[in-house]
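Working notes, beginning with the structure itself.
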Amino acid sequence: MVLFAITVSFFSCQAFSQFATLDPAVRAALDEGKKFEHNYQLGSALDSDRKALKLAKGRCAECLETIANLQLKMEAPKDAAASAGAWAAQSSTPVEKGKAEYLQASALLLQDQQKHSDALLAQADQILKRAAADDPSNPSIHLLDGHILAMLKKDAEAKNEFVACATNPAATPAECLRAKNFASDLTLARGEPAPAFKITKPDGTAISLDSLAGKVVLIDFWATWCPSCVKDVDYIQSIAESMDKDRFVLLGVSDDSDEDKWKRYMADNRMIGLQVRDTNHAISDLFHVSAIPTYIVLDGNGTVQMRATGAEGDIKGKVRSLLATTAIHTASISMK
């Protein structure tokens with residue numbers, strides 16, 4: 001189960017005017033919550049954020065946004081949807097309201113992954129329709145609604161949403177690529193979209209879901225202190241060594257707190273691929289990783305195609321199959 005903690009990165013919020021004029025006690029409680037969250041004390045962070053909302057007598061858009069995103073992080077999508085809905089009701093601008101509605105729909109979609117309810121998907125679709133009206137410049141709203149409509153088997157409507165995303169002037173190249181592929185083959189859109197993420201390598205290079213668009217990606221959540229991870233290293237590295245470097249990426253996401261030990265281990269084992277440390281669990285939280293090693297395979301459209309705890313199943317075979325399918329699909333698209 002992955003989804004839409006993408007709201008955390010997609011809606012890295014702009015500072016709305018009311019955010020800057022909060023009562024000092026409310027601001028202090030929110031700042032306390034951020035410190036707890038940074039230290040991965042999520043329960044304490046939520047308590048502080050709720051304290052801030054109470055001090056604001058329930059009228060605090062920033063408090064509600066922070067609470068909703070934190071509840072998603074804690075895998076409480078029902079609570080997150082309610083908080084985002086309250087944020088939408090307090091929004092001061094249509095764009096802010098669109099952001100809140102997107103977050104609310106994302107929470108409902110995550111809730112659907114737990115309950116498999118078409119009613120939740122239909123509710124999310126209606127909320128996204130309102131979000132698109134509130135913020136017509138936002139292509140990601142159409143992309144998300146296209147996924148939801150494809151899951152509901154409303155194919156004509158889904159295709160319209162993907163076309164709306166692809167033709168939106170604000171769409172990124174990666175969003176355009178995915179939207180065009182989904183519009184061409186709606187079966188690709190029925191899978192589980194990966195959350196948007198961004199993390200920085202030691203040399204300062206930023207890695208994001210968009211930067212990997214068009215490539216098959218194997219994400220390896222691991223650590224040097226994890227015996228099962230160490231046991232799998234040769235197998236995982238062999239996948240990276242044997243695949244087309246232009247169409248495949250191995251992204252190693254380490255839980256190591258000791259940077260020097262991590263670097264020594266990678267040097268000693270001549271590890272290749274993109275290697276980063278996820279010291280605050282930002283990426284593992286987005287992907288809802290609860291144990292390591294966890295391996296997640298994404299196709300070229302950023303859709304989750306495989307999730308395994310430990311080297312169970314044929315990860316290498318899955319990657320090869322996706323590379324072959326991607327090549328065939330790309331050729332088909334180029335001929336149209």
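In the structure tokens, each chain is lettered A, B, ... as it comes, each chain's residues begin at 1, and ligands are numbered from 1 in order of appearance.
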With a distance cut-off of 12 Å and only C-alpha atoms, select the neighbouring residues of Glu192 of chain A, excluding the residue or stretch itself and same-chain residues fewer than 6 positions from it, and output the selection as a PDB file with N, CA and C atoms, in the first residue's frame.
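out21.pdb, freshly written:
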```
ATOM      1  N   MET A   1       0.863  -1.188   0.000  1.00  0.00           N
ATOM      2  CA  MET A   1       0.000   0.000   0.000  1.00  0.00           C
ATOM      3  C   MET A   1       0.891   1.227   0.000  1.00  0.00           C
ATOM      4  N   VAL A   2       0.795   2.051  -1.031  1.00  0.00           N
ATOM      5  CA  VAL A   2       1.687   3.193  -1.109  1.00  0.00           C
ATOM      6  C   VAL A   2       0.964   4.480  -1.171  1.00  0.00           C
ATOM      7  N   LEU A   3       0.365   4.963  -1.827  1.00  0.00           N
ATOM      8  CA  LEU A   3      -0.129   6.164  -2.355  1.00  0.00           C
ATOM      9  C   LEU A   3       0.011   7.381  -1.481  1.00  0.00           C
ATOM     10  N   PHE A   4      -0.745   8.203  -1.571  1.00  0.00           N
ATOM     11  CA  PHE A   4      -0.727   9.610  -1.759  1.00  0.00           C
ATOM     12  C   PHE A   4      -0.337  10.362  -0.532  1.00  0.00           C
ATOM     13  N   LEU A 109      -8.286   7.987  -1.302  1.00  0.00           N
ATOM     14  CA  LEU A 109      -7.733   6.942  -2.155  1.00  0.00           C
ATOM     15  C   LEU A 109      -6.887   5.964  -1.352  1.00  0.00           C
ATOM     16  N   LEU A 110      -6.122   6.482  -0.405  1.00  0.00           N
ATOM     17  CA  LEU A 110      -5.354   5.612   0.471  1.00  0.00           C
ATOM     18  C   LEU A 110      -6.295   4.769   1.336  1.00  0.00           C
ATOM     19  N   ASP A 112      -9.220   3.809   0.412  1.00  0.00           N
ATOM     20  CA  ASP A 112      -9.767   2.800  -0.491  1.00  0.00           C
ATOM     21  C   ASP A 112      -8.824   1.617  -0.638  1.00  0.00           C
ATOM     22  N   GLN A 113      -7.521   1.876  -0.619  1.00  0.00           N
ATOM     23  CA  GLN A 113      -6.564   0.782  -0.730  1.00  0.00           C
ATOM     24  C   GLN A 113      -6.665  -0.160   0.465  1.00  0.00           C
ATOM     25  N   LEU A 144      -4.354  12.682 -11.004  1.00  0.00           N
ATOM     26  CA  LEU A 144      -4.890  11.851  -9.925  1.00  0.00           C
ATOM     27  C   LEU A 144      -6.318  11.410 -10.231  1.00  0.00           C
ATOM     28  N   HIS A 147      -6.426   8.545 -12.654  1.00  0.00           N
ATOM     29  CA  HIS A 147      -6.155   7.259 -12.001  1.00  0.00           C
ATOM     30  C   HIS A 147      -7.418   6.724 -11.326  1.00  0.00           C
ATOM     31  N   ILE A 148      -8.098   7.593 -10.599  1.00  0.00           N
ATOM     32  CA  ILE A 148      -9.294   7.165  -9.864  1.00  0.00           C
ATOM     33  C   ILE A 148     -10.390   6.701 -10.825  1.00  0.00           C
ATOM     34  N   ALA A 150      -9.962   5.563 -13.846  1.00  0.00           N
ATOM     35  CA  ALA A 150      -9.526   4.307 -14.462  1.00  0.00           C
ATOM     36  C   ALA A 150      -9.798   3.137 -13.527  1.00  0.00           C
ATOM     37  N   MET A 151      -9.572   3.347 -12.232  1.00  0.00           N
ATOM     38  CA  MET A 151      -9.851   2.300 -11.255  1.00  0.00           C
ATOM     39  C   MET A 151     -11.352   2.000 -11.177  1.00  0.00           C
ATOM     40  N   PHE A 287       6.574   5.529   1.030  1.00  0.00           N
ATOM     41  CA  PHE A 287       6.314   4.219   0.440  1.00  0.00           C
ATOM     42  C   PHE A 287       5.768   3.213   1.459  1.00  0.00           C
ATOM     43  N   ILE A 296      10.988  -2.412  -4.083  1.00  0.00           N
ATOM     44  CA  ILE A 296       9.835  -1.919  -4.833  1.00  0.00           C
ATOM     45  C   ILE A 296      10.273  -1.656  -6.265  1.00  0.00           C
ATOM     46  N   VAL A 297       9.531  -2.210  -7.215  1.00  0.00           N
ATOM     47  CA  VAL A 297       9.853  -2.039  -8.633  1.00  0.00           C
ATOM     48  C   VAL A 297       8.796  -1.132  -9.260  1.00  0.00           C
ATOM     49  N   LEU A 298       9.263  -0.063  -9.910  1.00  0.00           N
ATOM     50  CA  LEU A 298       8.392   0.873 -10.609  1.00  0.00           C
ATOM     51  C   LEU A 298       8.583   0.719 -12.114  1.00  0.00           C
ATOM     52  N   ASP A 299       7.493   0.855 -12.868  1.00  0.00           N
ATOM     53  CA  ASP A 299       7.636   0.864 -14.321  1.00  0.00           C
ATOM     54  C   ASP A 299       7.961   2.283 -14.786  1.00  0.00           C
ATOM     55  N   ASN A 301       6.248   4.508 -16.010  1.00  0.00           N
ATOM     56  CA  ASN A 301       5.213   5.503 -15.734  1.00  0.00           C
ATOM     57  C   ASN A 301       5.099   5.833 -14.250  1.00  0.00           C
ATOM     58  N   GLY A 302       6.022   5.313 -13.450  1.00  0.00           N
ATOM     59  CA  GLY A 302       5.970   5.589 -12.024  1.00  0.00           C
ATOM     60  C   GLY A 302       4.895   4.813 -11.300  1.00  0.00           C
ATOM     61  N   THR A 303       4.532   3.650 -11.829  1.00  0.00           N
ATOM     62  CA  THR A 303       3.521   2.800 -11.197  1.00  0.00           C
ATOM     63  C   THR A 303       4.208   1.628 -10.502  1.00  0.00           C
ATOM     64  N   VAL A 304       3.774   1.318  -9.282  1.00  0.00           N
ATOM     65  CA  VAL A 304       4.347   0.204  -8.531  1.00  0.00           C
ATOM     66  C   VAL A 304       3.917  -1.106  -9.170  1.00  0.00           C
ATOM     67  N   GLN A 305       4.896  -1.908  -9.571  1.00  0.00           N
ATOM     68  CA  GLN A 305       4.613  -3.185 -10.219  1.00  0.00           C
ATOM     69  C   GLN A 305       4.987  -4.385  -9.361  1.00  0.00           C
ATOM     70  N   MET A 306       5.792  -4.152  -8.329  1.00  0.00           N
ATOM     71  CA  MET A 306       6.182  -5.262  -7.454  1.00  0.00           C
ATOM     72  C   MET A 306       6.649  -4.689  -6.132  1.00  0.00           C
ATOM     73  N   ARG A 307       6.307  -5.396  -5.068  1.00  0.00           N
ATOM     74  CA  ARG A 307       6.769  -5.034  -3.721  1.00  0.00           C
ATOM     75  C   ARG A 307       7.122  -6.328  -3.006  1.00  0.00           C
TER      76      ARG A 307
END
```
request  = For segment 203-205 of chain A, list every protein, DNA or RNA residue within 12 Å, evaluated using only C-alpha atoms, and leave out those in the same chain fewer than 4 positions away; present the list as a list in words.
outcome  = Lys198, Ile199, Ser211, Leu274, Gln275 and Val276 of chain A
Based on the selection just made, write C-alpha atoms of those residues as a PDB file, in the first residue's frame.
```pdb
ATOM      1  CA  LYS A 198      12.740  14.014  -3.680  1.00  0.00           C
ATOM      2  CA  ILE A 199      16.009  13.141  -1.973  1.00  0.00           C
ATOM      3  CA  SER A 211      13.858  12.663 -12.735  1.00  0.00           C
ATOM      4  CA  LEU A 274      22.010   5.777  -7.060  1.00  0.00           C
ATOM      5  CA  GLN A 275      22.698   5.533  -3.334  1.00  0.00           C
ATOM      6  CA  VAL A 276      21.166   7.831  -0.706  1.00  0.00           C
TER       7      VAL A 276
END
```
task = Check the DSSP output for the backbone and give back, as an MDAnalysis selection string, the residues of segment 140-264 of chain A in strand (DSSP E or B).
result = chainID A and resid 192:193 198:200 206:208 216:222 248:254
Take the residues just selected and output them with C-alpha atoms as a PDB file, in the first residue's frame.
```pdb
ATOM      1  CA  GLU A 192      -0.697   1.818  -7.800  1.00  0.00           C
ATOM      2  CA  PRO A 193       0.971   5.180  -8.504  1.00  0.00           C
ATOM      3  CA  LYS A 198      12.740  14.014  -3.680  1.00  0.00           C
ATOM      4  CA  ILE A 199      16.009  13.141  -1.973  1.00  0.00           C
ATOM      5  CA  THR A 200      19.559  14.416  -2.347  1.00  0.00           C
ATOM      6  CA  ALA A 206      18.622  15.751  -6.395  1.00  0.00           C
ATOM      7  CA  ILE A 207      16.762  12.549  -7.240  1.00  0.00           C
ATOM      8  CA  SER A 208      12.994  12.617  -7.705  1.00  0.00           C
ATOM      9  CA  VAL A 216      12.227   1.029 -14.748  1.00  0.00           C
ATOM     10  CA  VAL A 217      13.312   1.621 -11.150  1.00  0.00           C
ATOM     11  CA  LEU A 218      14.233  -0.868  -8.436  1.00  0.00           C
ATOM     12  CA  ILE A 219      14.151   0.828  -5.024  1.00  0.00           C
ATOM     13  CA  ASP A 220      16.173  -1.029  -2.415  1.00  0.00           C
ATOM     14  CA  PHE A 221      15.341  -0.037   1.181  1.00  0.00           C
ATOM     15  CA  TRP A 222      18.273  -1.389   3.206  1.00  0.00           C
ATOM     16  CA  PHE A 248      16.979   0.967 -15.674  1.00  0.00           C
ATOM     17  CA  VAL A 249      17.907   2.572 -12.343  1.00  0.00           C
ATOM     18  CA  LEU A 250      18.756   0.994  -9.004  1.00  0.00           C
ATOM     19  CA  LEU A 251      17.942   3.423  -6.191  1.00  0.00           C
ATOM     20  CA  GLY A 252      19.403   2.337  -2.873  1.00  0.00           C
ATOM     21  CA  VAL A 253      17.731   4.029   0.119  1.00  0.00           C
ATOM     22  CA  SER A 254      19.694   3.388   3.293  1.00  0.00           C
TER      23      SER A 254
END
```
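Pairwise distance (atom CA of Trp262 of chain A, atom CA of Met74 of chain A) equals 27.6 Å.
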query = Which of these residues is nearest to Ser290 of chain A, using only C-alpha atoms: A:Asp258, A:Glu75, A:Ala156, A:Asp23?
reply =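 Using only C-alpha atoms, Ser290 of chain A sits closest to A:Glu75.
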key: DSSP-assigned helix (DSSP H, G or I) members of segment 21-151 of chain A, reported as number ranges by chain   = A: 21, 24-38, 42-55, 61-73, 77-90, 94-115, 118-134, 139-151
query = Between A:Ala308, A:Ala170, A:Ala61, A:Leu322, which one has atoms that come closest to Asp244 of chain A, using only C-alpha atoms?
reply = A:Leu322
Distance criterion (only C-alpha atoms): nearest to Ala82 of chain A out of A:Leu108, A:Ile141, A:Ala166, A:Ala196 =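 Looking only at the distances to Ala82 of chain A, the closest residue turns out to be A:Leu108.
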message = as a list in words, please: the residues near Lys316 of chain A (cut-off 10 Å, only C-alpha atoms, same-chain neighbours under 4 positions excluded).
response =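 Neighbouring residues, sequence-local ones excluded: Leu218, Tyr235, Ile236, Ser238, Ile239, Ala240, Ser242, Met243, Val297, Ala311, Arg320 and Ser321 of chain A.
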Those residues with C-alpha atoms, as a PDB file, in the first residue's frame please?
```
ATOM      1  CA  LEU A 218      14.233  -0.868  -8.436  1.00  0.00           C
ATOM      2  CA  TYR A 235      21.804 -10.365  -5.910  1.00  0.00           C
ATOM      3  CA  ILE A 236      20.514  -6.788  -5.998  1.00  0.00           C
ATOM      4  CA  SER A 238      23.765  -8.198 -10.064  1.00  0.00           C
ATOM      5  CA  ILE A 239      20.429  -6.819 -11.300  1.00  0.00           C
ATOM      6  CA  ALA A 240      21.917  -3.352 -11.721  1.00  0.00           C
ATOM      7  CA  SER A 242      23.011  -6.793 -15.982  1.00  0.00           C
ATOM      8  CA  MET A 243      20.363  -4.260 -17.055  1.00  0.00           C
ATOM      9  CA  VAL A 297       9.853  -2.039  -8.633  1.00  0.00           C
ATOM     10  CA  ALA A 311      14.567 -11.175  -2.075  1.00  0.00           C
ATOM     11  CA  ARG A 320      13.451  -7.754 -17.374  1.00  0.00           C
ATOM     12  CA  SER A 321       9.767  -8.207 -18.161  1.00  0.00           C
TER      13      SER A 321
END
```
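Going from atom CA of His116 of chain A to atom CA of Gln104 of chain A covers 17.0 Å.
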Separation of atom CA of Ala25 of chain A from atom CA of Val95 of chain A, in Å and rounded to one decimal = 27.5 Å
key: Nearby residues (only C-alpha atoms) at most 10 Å from segment 40-42 of chain A, same-chain spacing under 2 positions excluded, as number ranges by chain   = A: 33-38, 44-48, 70-71, 73-74, 279-282
Using only C-alpha atoms, which residues sit within 9 Å of segment 265-269 of chain A once same-chain residues fewer than 4 positions away are excluded, as a PDB file with C-alpha atoms, in the first residue's frame?
```
ATOM      1  CA  THR A 224      24.420  -1.941   6.665  1.00  0.00           C
ATOM      2  CA  VAL A 233      23.514  -7.251  -1.702  1.00  0.00           C
ATOM      3  CA  ASP A 234      25.170  -9.423  -4.360  1.00  0.00           C
ATOM      4  CA  ASP A 260      31.034   7.132   7.323  1.00  0.00           C
ATOM      5  CA  LYS A 261      30.127   3.481   7.945  1.00  0.00           C
ATOM      6  CA  GLN A 275      22.698   5.533  -3.334  1.00  0.00           C
TER       7      GLN A 275
END
```
Nearest to Lys318 of chain A, chosen from A:Leu149, A:Glu62, A:Tyr295, A:Ala29, with only C-alpha atoms counted in the distances =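 Among A:Leu149, A:Glu62, A:Tyr295, A:Ala29, it is A:Tyr295 that comes nearest to Lys318 of chain A.
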message = If we count only C-alpha atoms and set the cut-off at 7 Å, which residues sit around Glu161 of chain A, ignoring sequence neighbours fewer than 6 positions away in its own chain? Please answer as a ChimeraX atom specification.
response = /A:142-143,145-146
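Of the residues listed (A:Cys60, A:Ala158, A:Ser137, A:Val230), A:Ala158 shows the shortest atom-to-atom separation from Asp125 of chain A; distances use only C-alpha atoms.
In terms of minimum interatomic distance to Ala194 of chain A, A:Asp210 ranks closest within A:Asp79, A:Asp255, A:Asp278, A:Asp210, counting only C-alpha atoms.
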